[in-house]
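Pasting protein09.pdb here (PDB, C-alpha atoms):
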ATOM      1  CA  MET A   1      -7.867  12.226-145.567
ATOM      2  CA  ALA A   2      -8.935   8.547-145.470
ATOM      3  CA  ALA A   3      -6.505   7.775-148.292
ATOM      4  CA  ALA A   4      -3.723   9.456-146.358
ATOM      5  CA  LYS A   5      -4.500   7.319-143.349
ATOM      6  CA  LEU A   6      -4.417   4.169-145.442
ATOM      7  CA  MET A   7      -0.921   5.093-146.579
ATOM      8  CA  GLU A   8       0.375   5.317-143.027
ATOM      9  CA  VAL A   9       2.708   2.409-142.326
ATOM     10  CA  PRO A  10       2.982   1.189-138.718
ATOM     11  CA  LEU A  11       6.392   1.109-137.143
ATOM     12  CA  GLY A  12       8.535  -2.001-137.480
ATOM     13  CA  LEU A  13       9.292  -4.138-134.440
ATOM     14  CA  ILE A  14      12.637  -2.530-133.632
ATOM     15  CA  ASP A  15      11.239   0.980-134.045
ATOM     16  CA  THR A  16       8.257  -0.006-131.889
ATOM     17  CA  LEU A  17      10.553  -1.180-129.103
ATOM     18  CA  SER A  18      12.621   1.981-129.429
ATOM     19  CA  SER A  19       9.472   4.116-129.194
ATOM     20  CA  GLY A  20       8.406   2.232-126.066
ATOM     21  CA  PHE A  21      11.638   3.016-124.263
ATOM     22  CA  LYS A  22      11.430   6.644-125.383
ATOM     23  CA  VAL A  23       8.152   6.840-123.474
ATOM     24  CA  VAL A  24      10.008   5.646-120.348
ATOM     25  CA  GLN A  25      12.759   8.174-121.020
ATOM     26  CA  ARG A  26      10.212  11.006-121.147
ATOM     27  CA  ARG A  27       8.204   9.729-118.160
ATOM     28  CA  PRO A  28      10.610   7.911-115.817
ATOM     29  CA  TRP A  29       8.013   7.870-113.035
ATOM     30  CA  LEU A  30       6.195   5.133-114.953
ATOM     31  CA  PHE A  31       8.539   2.430-113.662
ATOM     32  CA  LEU A  32       8.063   3.469-110.022
ATOM     33  CA  LEU A  33       5.281   0.920-109.380
ATOM     34  CA  PRO A  34       7.275  -2.197-110.410
ATOM     35  CA  VAL A  35      10.219  -0.890-108.359
ATOM     36  CA  LEU A  36       8.042  -0.482-105.264
ATOM     37  CA  MET A  37       6.475  -3.918-105.731
ATOM     38  CA  ASP A  38       9.889  -5.576-106.000
ATOM     39  CA  LEU A  39      11.190  -3.675-102.970
ATOM     40  CA  TRP A  40       8.238  -4.970-100.956
ATOM     41  CA  LEU A  41       8.865  -8.537-102.129
ATOM     42  CA  TRP A  42      12.530  -8.156-101.183
ATOM     43  CA  LEU A  43      12.421  -6.279 -97.882
ATOM     44  CA  GLY A  44       8.866  -6.897 -96.690
ATOM     45  CA  PRO A  45       7.740  -9.820 -94.517
ATOM     46  CA  ARG A  46       7.772 -13.269 -96.106
ATOM     47  CA  TRP A  47       4.578 -15.282 -95.847
ATOM     48  CA  SER A  48       5.520 -18.944 -95.657
ATOM     49  CA  ILE A  49       3.323 -21.840 -96.816
ATOM     50  CA  GLN A  50       5.458 -24.394 -94.959
ATOM     51  CA  PRO A  51       2.486 -25.818 -92.942
ATOM     52  CA  LEU A  52       0.689 -26.732 -96.180
ATOM     53  CA  MET A  53       3.804 -28.400 -97.583
ATOM     54  CA  ASP A  54       4.327 -30.280 -94.291
ATOM     55  CA  ARG A  55       0.794 -31.673 -94.430
ATOM     56  CA  LEU A  56       1.235 -32.744 -98.037
ATOM     57  CA  LEU A  57       4.564 -34.389 -97.253
ATOM     58  CA  ASN A  58       3.113 -36.221 -94.247
ATOM     59  CA  TRP A  59       0.223 -37.454 -96.354
ATOM     60  CA  TRP A  60       2.502 -38.474 -99.212
ATOM     61  CA  GLN A  61       4.959 -40.691 -97.349
ATOM     62  CA  LEU A  62       7.108 -42.963 -99.504
ATOM     63  CA  GLN A  63       6.270 -45.990 -97.359
ATOM     64  CA  ASN A  64       2.575 -45.453 -98.101
ATOM     65  CA  LEU A  65       3.144 -45.658-101.849
ATOM     66  CA  PRO A  66       3.546 -48.795-103.973
ATOM     67  CA  ALA A  67       7.191 -49.869-104.272
ATOM     68  CA  GLU A  68       7.284 -49.146-108.004
ATOM     69  CA  MET A  69       6.062 -45.557-107.476
ATOM     70  CA  ALA A  70       8.529 -44.606-104.717
ATOM     71  CA  PRO A  71      11.491 -43.723-107.009
ATOM     72  CA  ALA A  72       9.266 -41.555-109.203
ATOM     73  CA  ALA A  73       7.731 -39.792-106.187
ATOM     74  CA  LEU A  74      11.047 -38.846-104.580
ATOM     75  CA  PRO A  75      11.791 -35.863-106.916
ATOM     76  CA  TYR A  76       8.308 -34.470-106.249
ATOM     77  CA  ARG A  77       8.848 -34.675-102.490
ATOM     78  CA  GLU A  78      12.138 -32.833-102.844
ATOM     79  CA  MET A  79      10.436 -30.182-104.953
ATOM     80  CA  MET A  80       7.696 -29.686-102.322
ATOM     81  CA  GLN A  81      10.335 -29.375 -99.610
ATOM     82  CA  ALA A  82      12.135 -26.691-101.634
ATOM     83  CA  VAL A  83       8.886 -24.820-102.298
ATOM     84  CA  GLY A  84       7.945 -24.897 -98.621
ATOM     85  CA  ALA A  85      11.335 -23.526 -97.622
ATOM     86  CA  SER A  86      11.540 -20.683-100.151
ATOM     87  CA  PHE A  87       8.090 -19.743-101.475
ATOM     88  CA  ASN A  88       6.711 -16.366-100.428
ATOM     89  CA  LEU A  89       2.945 -16.064-100.695
ATOM     90  CA  TRP A  90       3.364 -12.409-101.683
ATOM     91  CA  TRP A  91       4.826 -13.678-104.955
ATOM     92  CA  LEU A  92       1.251 -14.352-106.055
ATOM     93  CA  MET A  93       1.024 -10.637-106.826
ATOM     94  CA  ASP A  94       3.313 -11.366-109.753
ATOM     95  CA  SER A  95       0.880 -13.982-111.127
ATOM     96  CA  ASN A  96      -1.487 -11.506-112.739
ATOM     97  CA  PRO A  97      -2.865 -11.306-116.295
ATOM     98  CA  THR A  98      -1.401  -7.857-116.957
ATOM     99  CA  TRP A  99       2.083  -7.013-118.214
ATOM    100  CA  LEU A 100       3.309  -5.921-114.778
ATOM    101  CA  ARG A 101       6.186  -8.235-113.877
ATOM    102  CA  ALA A 102       8.405  -8.412-110.787
ATOM    103  CA  VAL A 103      11.965  -9.703-110.754
ATOM    104  CA  LEU A 104      12.268 -11.015-107.171
ATOM    105  CA  PRO A 105      10.281 -14.269-107.568
ATOM    106  CA  GLY A 106      12.695 -15.407-110.272
ATOM    107  CA  LEU A 107      15.863 -14.709-108.295
ATOM    108  CA  ALA A 108      17.598 -17.488-106.380
ATOM    109  CA  GLU A 109      18.650 -16.273-102.925
ATOM    110  CA  PRO A 110      19.121 -12.542-103.636
ATOM    111  CA  ALA A 111      21.661 -10.808-101.470
ATOM    112  CA  SER A 112      20.059  -9.265 -98.401
ATOM    113  CA  LEU A 113      20.816  -6.041 -96.569
ATOM    114  CA  GLY A 114      21.911  -7.981 -93.495
ATOM    115  CA  ALA A 115      18.644  -8.360 -91.551
ATOM    116  CA  ALA A 116      16.391 -11.080 -92.901
ATOM    117  CA  PRO A 117      12.720 -10.102 -93.346
ATOM    118  CA  GLY A 118      10.251 -11.419 -90.815
ATOM    119  CA  VAL A 119       8.609 -14.737 -91.629
ATOM    120  CA  VAL A 120       4.861 -15.102 -91.110
ATOM    121  CA  THR A 121       3.558 -18.660 -91.206
ATOM    122  CA  ILE A 122       0.252 -18.968 -93.072
ATOM    123  CA  GLN A 123      -1.935 -21.907 -92.119
ATOM    124  CA  PRO A 124      -3.592 -23.953 -94.893
ATOM    125  CA  LEU A 125      -7.108 -22.665 -94.182
ATOM    126  CA  ALA A 126      -5.903 -19.064 -94.219
ATOM    127  CA  LEU A 127      -4.516 -19.645 -97.722
ATOM    128  CA  LEU A 128      -8.102 -19.899 -98.988
ATOM    129  CA  LEU A 129      -8.521 -16.225 -98.055
ATOM    130  CA  TRP A 130      -5.094 -14.719 -98.658
ATOM    131  CA  ALA A 131      -4.201 -16.391-101.955
ATOM    132  CA  PRO A 132      -7.201 -14.945-103.897
ATOM    133  CA  LEU A 133      -6.730 -11.541-102.251
ATOM    134  CA  LEU A 134      -3.069 -11.361-103.268
ATOM    135  CA  LEU A 135      -3.940 -12.457-106.803
ATOM    136  CA  LEU A 136      -6.544  -9.690-106.972
ATOM    137  CA  LEU A 137      -4.081  -7.172-105.541
ATOM    138  CA  GLY A 138      -1.554  -8.058-108.246
ATOM    139  CA  ALA A 139      -4.200  -7.684-110.940
ATOM    140  CA  ALA A 140      -5.282  -4.320-109.520
ATOM    141  CA  LEU A 141      -1.708  -3.012-109.487
ATOM    142  CA  GLY A 142      -1.232  -4.361-113.001
ATOM    143  CA  GLY A 143      -4.332  -2.572-114.243
ATOM    144  CA  LEU A 144      -3.102   0.677-112.687
ATOM    145  CA  PHE A 145       0.336   0.167-114.228
ATOM    146  CA  MET A 146      -1.036  -0.512-117.721
ATOM    147  CA  ALA A 147      -3.396   2.464-117.510
ATOM    148  CA  ALA A 148      -0.580   4.816-116.536
ATOM    149  CA  VAL A 149       1.637   3.605-119.394
ATOM    150  CA  ALA A 150      -1.243   3.620-121.894
ATOM    151  CA  SER A 151      -2.169   7.197-120.980
ATOM    152  CA  GLN A 152       1.344   8.412-121.756
ATOM    153  CA  VAL A 153       1.582   6.360-124.954
ATOM    154  CA  ALA A 154      -1.729   7.740-126.200
ATOM    155  CA  HIS A 155      -0.762  11.251-125.155
ATOM    156  CA  GLY A 156       2.464  11.021-127.147
ATOM    157  CA  ARG A 157       0.708   9.633-130.220
ATOM    158  CA  ALA A 158      -1.995  12.301-130.029
ATOM    159  CA  ALA A 159       0.653  15.022-129.830
ATOM    160  CA  ASN A 160       2.610  13.656-132.787
ATOM    161  CA  GLN A 161      -0.271  12.435-134.961
ATOM    162  CA  PRO A 162      -3.408  14.533-134.462
ATOM    163  CA  THR A 163      -6.590  13.173-136.023
ATOM    164  CA  ASP A 164      -9.525  15.010-137.543
ATOM    165  CA  GLY A 165     -12.088  12.983-135.561
ATOM    166  CA  LYS A 166     -14.215  12.117-138.597
ATOM    167  CA  ASP A 167     -13.721   8.365-138.692
ATOM    168  CA  GLN A 168     -14.110   7.641-134.986
ATOM    169  CA  PRO A 169     -15.154   9.561-131.850
ATOM    170  CA  ALA A 170     -12.480  11.581-130.123
ATOM    171  CA  PRO A 171     -10.900   9.542-127.318
ATOM    172  CA  GLU A 172     -10.873  10.673-123.732
ATOM    173  CA  ARG A 173      -7.870  12.866-123.091
ATOM    174  CA  PRO A 174      -5.234  10.549-121.603
ATOM    175  CA  MET A 175      -4.033  13.023-119.002
ATOM    176  CA  GLY A 176      -4.151  13.252-115.256
ATOM    177  CA  MET A 177      -4.451  10.890-112.333
ATOM    178  CA  ALA A 178      -8.237  10.682-112.561
ATOM    179  CA  PHE A 179      -7.992   9.208-116.072
ATOM    180  CA  TRP A 180      -5.643   6.364-115.321
ATOM    181  CA  LEU A 181      -7.184   5.573-111.942
ATOM    182  CA  ARG A 182     -10.567   5.182-113.616
ATOM    183  CA  ARG A 183      -9.139   3.289-116.573
ATOM    184  CA  GLY A 184      -6.970   1.145-114.282
ATOM    185  CA  LEU A 185      -9.984   0.095-112.206
ATOM    186  CA  ARG A 186     -11.910  -0.779-115.370
ATOM    187  CA  THR A 187      -8.972  -2.790-116.688
ATOM    188  CA  PHE A 188      -8.660  -4.654-113.387
ATOM    189  CA  LEU A 189     -12.348  -5.589-113.272
ATOM    190  CA  LEU A 190     -12.471  -6.750-116.888
ATOM    191  CA  ALA A 191      -9.189  -8.656-116.506
ATOM    192  CA  VAL A 192     -10.660 -10.574-113.552
ATOM    193  CA  LEU A 193     -13.829 -11.241-115.557
ATOM    194  CA  LEU A 194     -11.772 -12.511-118.500
ATOM    195  CA  VAL A 195      -9.775 -14.875-116.268
ATOM    196  CA  LEU A 196     -12.973 -16.207-114.688
ATOM    197  CA  ILE A 197     -14.498 -16.816-118.125
ATOM    198  CA  MET A 198     -11.380 -18.651-119.309
ATOM    199  CA  LEU A 199     -11.315 -20.787-116.161
ATOM    200  CA  ALA A 200     -14.991 -21.599-116.588
ATOM    201  CA  LEU A 201     -14.397 -22.647-120.197
ATOM    202  CA  LEU A 202     -11.447 -24.797-119.146
ATOM    203  CA  VAL A 203     -13.409 -26.537-116.378
ATOM    204  CA  THR A 204     -16.428 -27.066-118.628
ATOM    205  CA  THR A 205     -14.288 -28.503-121.424
ATOM    206  CA  THR A 206     -12.453 -30.812-119.011
ATOM    207  CA  LEU A 207     -15.683 -32.088-117.480
ATOM    208  CA  ALA A 208     -17.265 -32.630-120.889
ATOM    209  CA  LEU A 209     -14.255 -34.595-122.124
ATOM    210  CA  SER A 210     -14.206 -36.653-118.930
ATOM    211  CA  LEU A 211     -17.845 -37.598-119.379
ATOM    212  CA  LEU A 212     -17.284 -38.509-123.024
ATOM    213  CA  LEU A 213     -14.093 -40.488-122.442
ATOM    214  CA  THR A 214     -15.174 -42.441-119.346
ATOM    215  CA  PRO A 215     -17.245 -45.039-121.286
ATOM    216  CA  VAL A 216     -14.471 -45.419-123.856
ATOM    217  CA  LEU A 217     -11.869 -45.994-121.135
ATOM    218  CA  LEU A 218     -14.093 -48.585-119.459
ATOM    219  CA  PHE A 219     -14.781 -50.668-122.546
ATOM    220  CA  ALA A 220     -11.628 -49.997-124.609
ATOM    221  CA  PRO A 221      -8.791 -48.718-122.373
ATOM    222  CA  GLN A 222      -6.149 -48.582-125.101
ATOM    223  CA  ALA A 223      -8.375 -46.739-127.544
ATOM    224  CA  GLY A 224      -9.518 -44.429-124.757
ATOM    225  CA  ALA A 225      -5.950 -43.584-123.815
ATOM    226  CA  GLY A 226      -5.194 -42.706-127.443
ATOM    227  CA  VAL A 227      -8.294 -40.529-127.693
ATOM    228  CA  ALA A 228      -7.404 -38.803-124.392
ATOM    229  CA  SER A 229      -3.898 -38.046-125.679
ATOM    230  CA  MET A 230      -5.275 -36.594-128.911
ATOM    231  CA  ALA A 231      -7.807 -34.530-126.969
ATOM    232  CA  SER A 232      -5.053 -33.179-124.711
ATOM    233  CA  LEU A 233      -2.969 -32.172-127.718
ATOM    234  CA  LEU A 234      -5.987 -30.501-129.317
ATOM    235  CA  ILE A 235      -6.798 -28.570-126.142
ATOM    236  CA  GLY A 236      -3.155 -27.476-125.827
ATOM    237  CA  TRP A 237      -3.092 -26.288-129.434
ATOM    238  CA  LEU A 238      -6.370 -24.398-128.996
ATOM    239  CA  ALA A 239      -5.000 -22.801-125.828
ATOM    240  CA  VAL A 240      -1.945 -21.520-127.724
ATOM    241  CA  VAL A 241      -4.140 -20.128-130.515
ATOM    242  CA  ALA A 242      -6.494 -18.500-128.010
ATOM    243  CA  THR A 243      -3.548 -16.957-126.147
ATOM    244  CA  MET A 244      -2.280 -15.408-129.360
ATOM    245  CA  MET A 245      -5.673 -14.126-130.459
ATOM    246  CA  LEU A 246      -6.375 -12.641-127.031
ATOM    247  CA  TYR A 247      -2.912 -11.117-126.675
ATOM    248  CA  PHE A 248      -4.154  -7.522-127.033
ATOM    249  CA  VAL A 249      -7.440  -7.774-125.100
ATOM    250  CA  LEU A 250      -6.151  -5.816-122.120
ATOM    251  CA  ALA A 251      -4.360  -3.417-124.456
ATOM    252  CA  ALA A 252      -7.702  -2.697-126.134
ATOM    253  CA  ILE A 253      -9.447  -2.214-122.784
ATOM    254  CA  VAL A 254      -6.820   0.101-121.349
ATOM    255  CA  SER A 255      -6.150   2.032-124.575
ATOM    256  CA  ASP A 256      -9.650   2.379-126.011
ATOM    257  CA  GLY A 257     -11.856   2.130-122.934
ATOM    258  CA  VAL A 258     -14.076  -0.473-124.609
ATOM    259  CA  GLY A 259     -15.947  -3.356-123.026
ATOM    260  CA  LEU A 260     -14.782  -6.943-122.934
ATOM    261  CA  ARG A 261     -16.682  -8.096-126.020
ATOM    262  CA  GLN A 262     -15.378  -5.213-128.137
ATOM    263  CA  ALA A 263     -11.858  -5.749-126.750
ATOM    264  CA  LEU A 264     -11.987  -9.414-127.788
ATOM    265  CA  TRP A 265     -13.051  -8.387-131.291
ATOM    266  CA  ARG A 266     -10.337  -5.743-131.613
ATOM    267  CA  SER A 267      -7.613  -8.057-130.328
ATOM    268  CA  PHE A 268      -8.682 -10.760-132.799
ATOM    269  CA  ASN A 269      -8.616  -8.346-135.730
ATOM    270  CA  VAL A 270      -5.257  -6.805-134.830
ATOM    271  CA  VAL A 271      -3.640 -10.239-134.463
ATOM    272  CA  TYR A 272      -5.351 -11.681-137.543
ATOM    273  CA  ARG A 273      -4.375  -8.747-139.777
ATOM    274  CA  ASN A 274      -0.828  -8.559-138.361
ATOM    275  CA  PHE A 275      -0.247 -12.222-137.567
ATOM    276  CA  TRP A 276       3.459 -12.563-138.357
ATOM    277  CA  ALA A 277       4.279  -9.165-136.871
ATOM    278  CA  THR A 278       2.459 -10.216-133.676
ATOM    279  CA  ILE A 279       4.358 -13.514-133.590
ATOM    280  CA  GLY A 280       7.598 -11.569-134.023
ATOM    281  CA  LEU A 281       6.653  -9.177-131.219
ATOM    282  CA  VAL A 282       5.784 -12.006-128.816
ATOM    283  CA  LEU A 283       8.992 -13.906-129.587
ATOM    284  CA  LEU A 284      11.162 -10.792-129.387
ATOM    285  CA  VAL A 285       9.677  -9.663-126.068
ATOM    286  CA  SER A 286       9.969 -13.190-124.631
ATOM    287  CA  LEU A 287      13.585 -13.466-125.755
ATOM    288  CA  ILE A 288      14.471 -10.074-124.258
ATOM    289  CA  LEU A 289      12.844 -10.916-120.936
ATOM    290  CA  TRP A 290      14.524 -14.329-120.814
ATOM    291  CA  GLY A 291      17.939 -12.909-121.632
ATOM    292  CA  PHE A 292      17.743 -10.150-119.067
ATOM    293  CA  ASP A 293      16.492 -12.614-116.435
ATOM    294  CA  LEU A 294      19.890 -14.284-116.691
ATOM    295  CA  ILE A 295      21.584 -10.907-116.218
ATOM    296  CA  TRP A 296      19.440 -10.028-113.191
ATOM    297  CA  GLN A 297      20.256 -13.410-111.671
ATOM    298  CA  ARG A 298      23.983 -12.766-111.954
ATOM    299  CA  LEU A 299      23.624  -9.287-110.450
ATOM    300  CA  ALA A 300      21.394 -10.376-107.587
ATOM    301  CA  VAL A 301      23.755 -12.951-106.113
ATOM    302  CA  ALA A 302      26.663 -10.498-106.012
ATOM    303  CA  SER A 303      25.590  -7.887-103.461
ATOM    304  CA  PRO A 304      22.614  -5.804-102.276
ATOM    305  CA  LEU A 305      23.580  -3.196-104.875
ATOM    306  CA  GLY A 306      23.240  -5.925-107.503
ATOM    307  CA  VAL A 307      19.702  -6.651-106.294
ATOM    308  CA  LEU A 308      18.840  -2.952-106.500
ATOM    309  CA  ALA A 309      20.286  -2.811-110.016
ATOM    310  CA  ALA A 310      18.211  -5.845-110.998
ATOM    311  CA  ILE A 311      15.048  -4.296-109.545
ATOM    312  CA  VAL A 312      15.502  -0.954-111.306
ATOM    313  CA  GLY A 313      16.672  -2.554-114.542
ATOM    314  CA  ASN A 314      13.722  -4.939-114.627
ATOM    315  CA  ALA A 315      11.302  -2.075-113.921
ATOM    316  CA  VAL A 316      12.677  -0.012-116.810
ATOM    317  CA  LEU A 317      12.651  -3.059-119.102
ATOM    318  CA  VAL A 318       9.095  -4.106-118.242
ATOM    319  CA  THR A 319       7.771  -0.557-118.570
ATOM    320  CA  GLY A 320       9.479  -0.024-121.924
ATOM    321  CA  LEU A 321       8.225  -3.338-123.302
ATOM    322  CA  THR A 322       4.714  -2.604-122.036
ATOM    323  CA  ALA A 323       4.771   0.773-123.780
ATOM    324  CA  ALA A 324       6.070  -0.885-126.966
ATOM    325  CA  ARG A 325       3.283  -3.472-126.968
ATOM    326  CA  LEU A 326       0.692  -0.765-126.425
ATOM    327  CA  ILE A 327       2.187   1.277-129.283
ATOM    328  CA  PHE A 328       2.062  -1.823-131.501
ATOM    329  CA  TYR A 329      -1.614  -2.331-130.690
ATOM    330  CA  GLN A 330      -2.653   1.314-130.925
ATOM    331  CA  GLU A 331      -1.000   1.880-134.312
ATOM    332  CA  ARG A 332      -2.365  -1.274-135.912
ATOM    333  CA  SER A 333      -5.783  -0.886-134.355
ATOM    334  CA  ALA A 334      -5.971   2.691-135.665
ATOM    335  CA  ALA A 335      -4.933   1.517-139.138
ATOM    336  CA  TRP A 336      -7.591  -1.222-139.129
ATOM    337  CA  LEU A 337     -10.342   1.122-137.917
ATOM    338  CA  ALA A 338      -9.342   3.756-140.498
ATOM    339  CA  ALA A 339      -9.456   1.181-143.296
ATOM    340  CA  SER A 340     -12.808  -0.307-142.233
TER     341      SER A 340
END

Would you mind writing the structure in this file as structure tokens?
Amino acid sequence: MAAAKLMEVPLGLIDTLSSGFKVVQRRPWLFLLPVLMDLWLWLGPRWSIQPLMDRLLNWWQLQNLPAEMAPAALPYREMMQAVGASFNLWWLMDSNPTWLRAVLPGLAEPASLGAAPGVVTIQPLALLLWAPLLLLLGAALGGLFMAAVASQVAHGRAANQPTDGKDQPAPERPMGMAFWLRRGLRTFLLAVLLVLIMLALLVTTTLALSLLLTPVLLFAPQAGAGVASMASLLIGWLAVVATMMLYFVLAAIVSDGVGLRQALWRSFNVVYRNFWATIGLVLLVSLILWGFDLIWQRLAVASPLGVLAAIVGNAVLVTGLTAARLIFYQERSAAWLAAS
């Protein structure tokens, strides 16, 4: 039986994507959550951060800057003015570590239904409370979304490819609301923990480099600037590598129900043993999302029906791609565990 498992060949990238959208075809309710989130961002009240932008603009007056810096500062002032006029604090729900993705934040002036949503002005101090809460809300919805998709992906794989249970313990049956609520909560909590760990590592690394480079900059400014540039490039390269190696951490958590340390190990092994296939998956998914973003933009400026089409189309696309990425991980993780 082990030899038979070793002979199993995971699906190619195109077949993996096709399988992901077949999951959506069988379970169309899976894309309901991204649709509802986008509808709220479109028709719900808009929380404006204009007071914060006004304070920053008042503090950063061109006449208070050196004459040589004024031309360079002008584009940044214009950008802050545009952000203050258009940014909706609810968009922070879309800035979550999961694969849940809304379409409204990327649309420029989507057509409305006639009545503009109410605008609530958020004061700068209130942002300290609401911004983290909205980020956590987005992560919680993302964990629920991934758990629901993962349960249906695992259910389909279990129905098509039953295992004998000898090489690894039988997984929890991926059925029912109780399963994906419990798994979604676990995914949310571990996703927040992972983000906090990464932020702590980033802050620690930045502080350590600052302490090391300060004496060099004081005594040899040119050499210090060169060392700082090299350090920045090294940190950027390490960040890209870490992003790739951690690409399937949440997939491992939501699919296998493991802890964070085991999820890190499984993600590393799946990426390491399928490096070029993972690179291909990341590039293909990114290209698809980028291409369809252009289509949604064209639809959204046409009419309210175009906005609705963009919302539904994005929800189907995101759900199908999420299912495909989970299928990619589950197949290659199963092959690695069977071979080990």

Please build the interface table for stretch 232-335 of chain A against stretch 104-111 of chain A with a cut-off of 8 Å, listing for each qualifying residue the nearest atom pair and the distance in Å to one decimal; count only C-alpha atoms, order rows by chain and increasing number, and write it as CSV.
residue,atom,partner,partner_atom,distance
A:Asp293,CA,A:Gly106,CA,7.8
A:Trp296,CA,A:Leu107,CA,7.7
A:Gln297,CA,A:Leu107,CA,5.7
A:Ala300,CA,A:Pro110,CA,5.0
A:Val301,CA,A:Pro110,CA,5.3
A:Ala302,CA,A:Ala111,CA,6.8
A:Ser303,CA,A:Ala111,CA,5.3
A:Pro304,CA,A:Ala111,CA,5.2
A:Gly306,CA,A:Ala111,CA,7.9
A:Val307,CA,A:Pro110,CA,6.5
A:Ile311,CA,A:Leu104,CA,7.6

> Within 10 Å of A:Leu57, counting all atoms listed in the file, which residues qualify if same-chain residues fewer than 4 places away don't, as number ranges by chain?
Replying inline: A: 51-53, 61-62, 76-78, 80-81

>> the PyMOL selection byres ((chain A and resi 242) around 12) - which residues does that actually catch in the file I just gave you? List them as a list in words.
In response: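 After applying the PyMOL selection byres ((chain A and resi 242) around 12), what remains is Met198, Leu201, Leu202, Ile235, Gly236, Trp237, Leu238, Ala239, Val240, Val241, Thr243, Met244, Met245, Leu246, Tyr247, Phe248, Val249, Leu264, Ser267, Phe268, Val271 and Tyr272 of chain A.
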
>> I'd like the neighbourhood of A:Val153 as a PyMOL selection string, where a residue qualifies if any of its atoms comes within 8 Å (using all atoms listed in the file), though same-chain residues fewer than 6 positions away should be ignored.
In response: chain A and resi 23+323+326-327

> Could you state the separation of atom CA of A:Thr322 and atom CA of A:Arg273 in Å, given to one decimal place?
Replying inline: 20.9 Å
